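Working notes, structure below.
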Amino acid sequence: MMDSTKPVRWGVIGPGRIAATFAAALQDPAVGMLQAACSRDRARAQAFLDEHGGSQAFGSMAAFLQEAEVDAVYIATPHMRHAEDALACLEAGLPVLIEKPLATSEADASAVLSAAESSGLLAMEAMWTAFLPNVKRFLSLAEQAAQDGPAVGHIDFQFAPDVGPDHRLRNAALAGGALLDVGVYALSMASWLLGQPALVASSMTWDSETGVDRSASVVLTAGERRVTVSFGMDVDGPRTVQWSTPRGRVMLGPDWFTERAVVTTEAPAKWDGRRPAGSLVNEEVAADVSRPGFAYQVEAFERALRAGRTNVPERTADDVRMVHRLMDELRASWGLRYPFEVA
């Protein structure tokens with residue numbers, strides 16, 4: 001268990017764009033500090049530290065694992081490297097915060113989580129949306145509105161990146177495509193609303209140039225609850241969540257997966273001059289942008305680390321396995337395989 005009086009010293013593997021967002025969050029006074037960075041190009045690691053702080057730059061995983069003076073590691077390498085890099089860190093006795101998705105398959109995600117559990121180390125998927133205050137507020141209101149009755153949800157995450165075929169988002173060799181980049185956000189939100197979702201139907205489109213999945217629509221159910229999920233990288237569409245019930249409607253947006261999202265509730269229309277018991281009221285919960293959005297998940301990770309836990313309640317190992325299993329099911333139904341997967 002860590003000394004609670006000392007800041008958590010972080011190492012970063014894969015110092016790219018998302019790692020820069022993580023490093024910026026470490027400026028929040030409630031979390032730890034950047035200590036080290038590792039890249040196949042040591043100069044890139046050093047440039048990252050020059051910009052964000054820290055003193056130890058490494059050009060290989062072997063050197064990083066042997067010499068880095070860190071308490072935890074943030075893994076921000078391409079998707080297909082997440083499991084391998086996480087297992088190497090765990091074997092070296094280092095807790096890991098792994099950028100989403102934790103792995104490219106449920107089997108690999110389970111291997112990482114099982115290794116962490118058996119060694120008593122913390123391994124957490126960096127699904128930062130799970131820790132954002134207004135996401136938590138939205139989910140609380142959504143459950144209040146649904147209670148034991150019917151509910152219908154719509155989750156959208158559409159964007160149109162202007163990138164070439166070699167970019168990681170469109171590169172099959174790097175596990176590119178909409179599912180693992182934005183779909184995992186939307187499917188995780190669906191799992192929070194439904195609990196244990198069952199896949200009813202899905203459709204998808206391909207990137208005709210690179211062969212990755214470009215967009216998809218998915219229908220999930222759980223009892224009287226139904227959620228339609230739409231995500232993709234082909235249009236600059238909506239990025240909102242709506243949850244409709246007899247007791248009213250709850251909405252999260254406009255960019256629901258960020259700290260800037262606003263929660264809005266709408267009371268239902270009156271029935272025979274009355275509203276159903278327990279109805280929501282018209283309300284708007286403003287976004288709190290006083291902290292970097294990533295800081296919330298870092299704080300939760302560090303709290304679990306100091307307590308000696310291997311799990312966090314906002315993103316449990318069972319939750320991660322369930323979403324990865326669902327993504328496996330979707331890929332199987334679409335016939336989507338990555339070049340590095342064994343036939």
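Convention: chains lettered A, B, ... in structure tokens order; per-chain residue numbering from 1; ligands numbered from 1 as shown.
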Which residues of range 164-194 of chain A have any atom within 12 Å of an atom in range 119-140 of chain A when counting only C-alpha atoms, and what is the closest pair of atoms for each, with the distance in Å to one decimal? Order the rows by chain and rising number and write it as CSV.
```
residue,atom,partner,partner_atom,distance
A:Asp181,CA,A:Met127,CA,11.4
A:Val182,CA,A:Met127,CA,11.1
A:Val184,CA,A:Met127,CA,8.9
A:Tyr185,CA,A:Met127,CA,7.5
A:Ala186,CA,A:Thr129,CA,10.1
A:Leu187,CA,A:Met127,CA,11.4
A:Ser188,CA,A:Met127,CA,8.6
A:Met189,CA,A:Ala130,CA,8.4
A:Ala190,CA,A:Leu139,CA,10.5
A:Ser191,CA,A:Leu139,CA,11.0
A:Trp192,CA,A:Leu139,CA,7.5
A:Leu193,CA,A:Leu139,CA,7.0
A:Leu194,CA,A:Leu139,CA,10.6
```
Checklist entry - Which residues come within 12 Å of Phe157 in chain A, counting only C-alpha atoms, excluding same-chain residues fewer than 3 positions away, as a ChimeraX atom specification? => result /A:154,160,178-179,181-187,189,215-217,228-241,252-258
Restricting it to C-alpha atoms, dump the selection as a tab-separated table (two decimals), in the first residue's frame.
```
chain	number	residue	atom	x	y	z
A	154	HIS	CA	-30.66	6.45	-27.84
A	160	ALA	CA	-15.80	12.64	-39.19
A	178	ALA	CA	-15.17	2.82	-35.24
A	179	LEU	CA	-15.91	-0.04	-32.82
A	181	ASP	CA	-12.30	3.82	-30.91
A	182	VAL	CA	-15.77	5.27	-30.29
A	183	GLY	CA	-18.07	2.26	-30.12
A	184	VAL	CA	-16.56	1.16	-26.82
A	185	TYR	CA	-17.70	4.48	-25.27
A	186	ALA	CA	-21.25	4.08	-26.54
A	187	LEU	CA	-21.53	0.39	-25.65
A	189	MET	CA	-22.91	3.74	-21.69
A	215	SER	CA	-20.00	3.01	-38.66
A	216	ALA	CA	-22.59	0.85	-36.96
A	217	SER	CA	-26.04	0.78	-35.38
A	228	THR	CA	-30.26	1.91	-29.81
A	229	VAL	CA	-26.58	2.74	-30.21
A	230	SER	CA	-25.20	4.54	-33.26
A	231	PHE	CA	-21.51	5.29	-33.68
A	232	GLY	CA	-19.18	5.98	-36.52
A	233	MET	CA	-16.40	7.90	-38.19
A	234	ASP	CA	-18.14	8.96	-41.38
A	235	VAL	CA	-20.37	11.93	-40.49
A	236	ASP	CA	-20.22	14.84	-38.08
A	237	GLY	CA	-23.40	13.75	-36.36
A	238	PRO	CA	-24.90	13.96	-32.89
A	239	ARG	CA	-23.01	13.03	-29.74
A	240	THR	CA	-25.86	12.82	-27.26
A	241	VAL	CA	-27.65	10.34	-24.99
A	252	LEU	CA	-26.83	14.22	-21.78
A	253	GLY	CA	-24.94	16.33	-24.29
A	254	PRO	CA	-23.97	17.92	-26.55
A	255	ASP	CA	-20.68	15.98	-26.25
A	256	TRP	CA	-21.79	13.45	-23.67
A	257	PHE	CA	-18.41	11.74	-23.29
A	258	THR	CA	-16.65	14.90	-22.05
```
Item to check | Nearest to Pro276 in chain A, chosen from A:Ala145, A:Arg337, A:Tyr296, A:Ser202, with only C-alpha atoms counted in the distances | outcome: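 Using only C-alpha atoms, the shortest distance to Pro276 in chain A belongs to A:Ala145.
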Item to check | Residue among A:Leu102, A:Ala68, A:Val8, A:Leu180 lying closest to Arg303 in chain A, counting only C-alpha atoms | outcome: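 Using only C-alpha atoms, the shortest distance to Arg303 in chain A belongs to A:Val8.
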Checklist entry - Looking only at the backbone, which of the residues in range 152-246 of chain A does DSSP tag as alpha helix (DSSP H), as a ChimeraX atom specification? => result /A:178,184-194
The selected residues should be written to file as an mmCIF file, in the first residue's frame (atoms: C-alpha atoms).
```cif
data_model
loop_
_atom_site.group_PDB
_atom_site.id
_atom_site.type_symbol
_atom_site.label_atom_id
_atom_site.label_comp_id
_atom_site.auth_asym_id
_atom_site.auth_seq_id
_atom_site.Cartn_x
_atom_site.Cartn_y
_atom_site.Cartn_z
ATOM 1 C CA ALA A 178 -15.170 2.819 -35.237
ATOM 2 C CA VAL A 184 -16.557 1.162 -26.823
ATOM 3 C CA TYR A 185 -17.697 4.478 -25.274
ATOM 4 C CA ALA A 186 -21.253 4.081 -26.536
ATOM 5 C CA LEU A 187 -21.535 0.385 -25.654
ATOM 6 C CA SER A 188 -20.232 1.086 -22.162
ATOM 7 C CA MET A 189 -22.914 3.741 -21.692
ATOM 8 C CA ALA A 190 -25.505 1.231 -22.893
ATOM 9 C CA SER A 191 -24.289 -1.310 -20.355
ATOM 10 C CA TRP A 192 -24.667 1.249 -17.547
ATOM 11 C CA LEU A 193 -28.249 1.906 -18.596
ATOM 12 C CA LEU A 194 -29.216 -1.725 -19.190
#
```
Next on the checklist: Restricting the calculation to only C-alpha atoms: of A:Pro150, A:Gly11, A:Gly32, A:Gly16, which residue gets closest to Phe64 in chain A?
Outcome noted: A:Gly11
Next on the checklist: Taking 6 positions as the minimum chain separation for residues in the same chain, which residues sit within 12 Å of Ile98 in chain A when counting only C-alpha atoms? Answer as JSON, numbers by chain.
Outcome noted: {"A": [11, 12, 13, 14, 18, 19, 22, 72, 73, 74, 75, 76, 77, 78, 79, 80, 81, 82, 83, 84, 85, 86, 87, 89, 90, 109, 112, 113, 122, 123, 124, 125, 126, 127, 128, 297, 298, 301, 315, 320]}
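What separates CA of Thr245 in chain A from CA of Thr221 in chain A is a distance of 14.6 Å.
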Next on the checklist: Ranking A:Ala36, A:Ala142, A:Ala103, A:Val285 by minimum distance to Pro246 in chain A and counting only C-alpha atoms, which one comes first?
Outcome noted: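 That would be A:Ala142, the residue with the smallest distance to Pro246 in chain A.
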Next on the checklist: List as a list in words the protein and nucleic acid residues near Leu330 in chain A, meaning an atom at most 9 Å away when only C-alpha atoms are counted, but skip any in the same chain fewer than 4 places from it.
Outcome noted: Leu179, Leu199, Ser202, Val218, Arg325, Leu326, Trp334, Gly335 and Leu336 of chain A
Item to check | In range 29-98 of chain A, DSSP strand (DSSP E) residues written as an NGL selection string | outcome: :A and (33-38 or 56-58 or 72-75 or 96-98)
Could you take the residues named above and write them with C-alpha atoms, as a PDB file, in the first residue's frame?
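To be explicit, this is the file written out as part.pdb:
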```pdb
ATOM      1  CA  MET A  33       2.836  13.705 -10.993  1.00  0.00           C
ATOM      2  CA  LEU A  34       4.476  12.712 -14.268  1.00  0.00           C
ATOM      3  CA  GLN A  35       7.823  11.024 -13.715  1.00  0.00           C
ATOM      4  CA  ALA A  36       8.739   9.018 -16.824  1.00  0.00           C
ATOM      5  CA  ALA A  37       7.859   8.374 -20.451  1.00  0.00           C
ATOM      6  CA  CYS A  38       8.679   5.492 -22.780  1.00  0.00           C
ATOM      7  CA  GLN A  56      13.129   9.892 -17.009  1.00  0.00           C
ATOM      8  CA  ALA A  57      12.924   9.229 -20.751  1.00  0.00           C
ATOM      9  CA  PHE A  58      13.263   5.702 -22.139  1.00  0.00           C
ATOM     10  CA  ALA A  72       1.843   3.387 -11.716  1.00  0.00           C
ATOM     11  CA  VAL A  73       1.839   3.282 -15.513  1.00  0.00           C
ATOM     12  CA  TYR A  74      -0.553   4.813 -18.029  1.00  0.00           C
ATOM     13  CA  ILE A  75      -0.600   2.800 -21.268  1.00  0.00           C
ATOM     14  CA  VAL A  96      -1.644  -0.054 -14.853  1.00  0.00           C
ATOM     15  CA  LEU A  97      -4.223   2.388 -16.160  1.00  0.00           C
ATOM     16  CA  ILE A  98      -4.901   1.202 -19.705  1.00  0.00           C
TER      17      ILE A  98
END
```
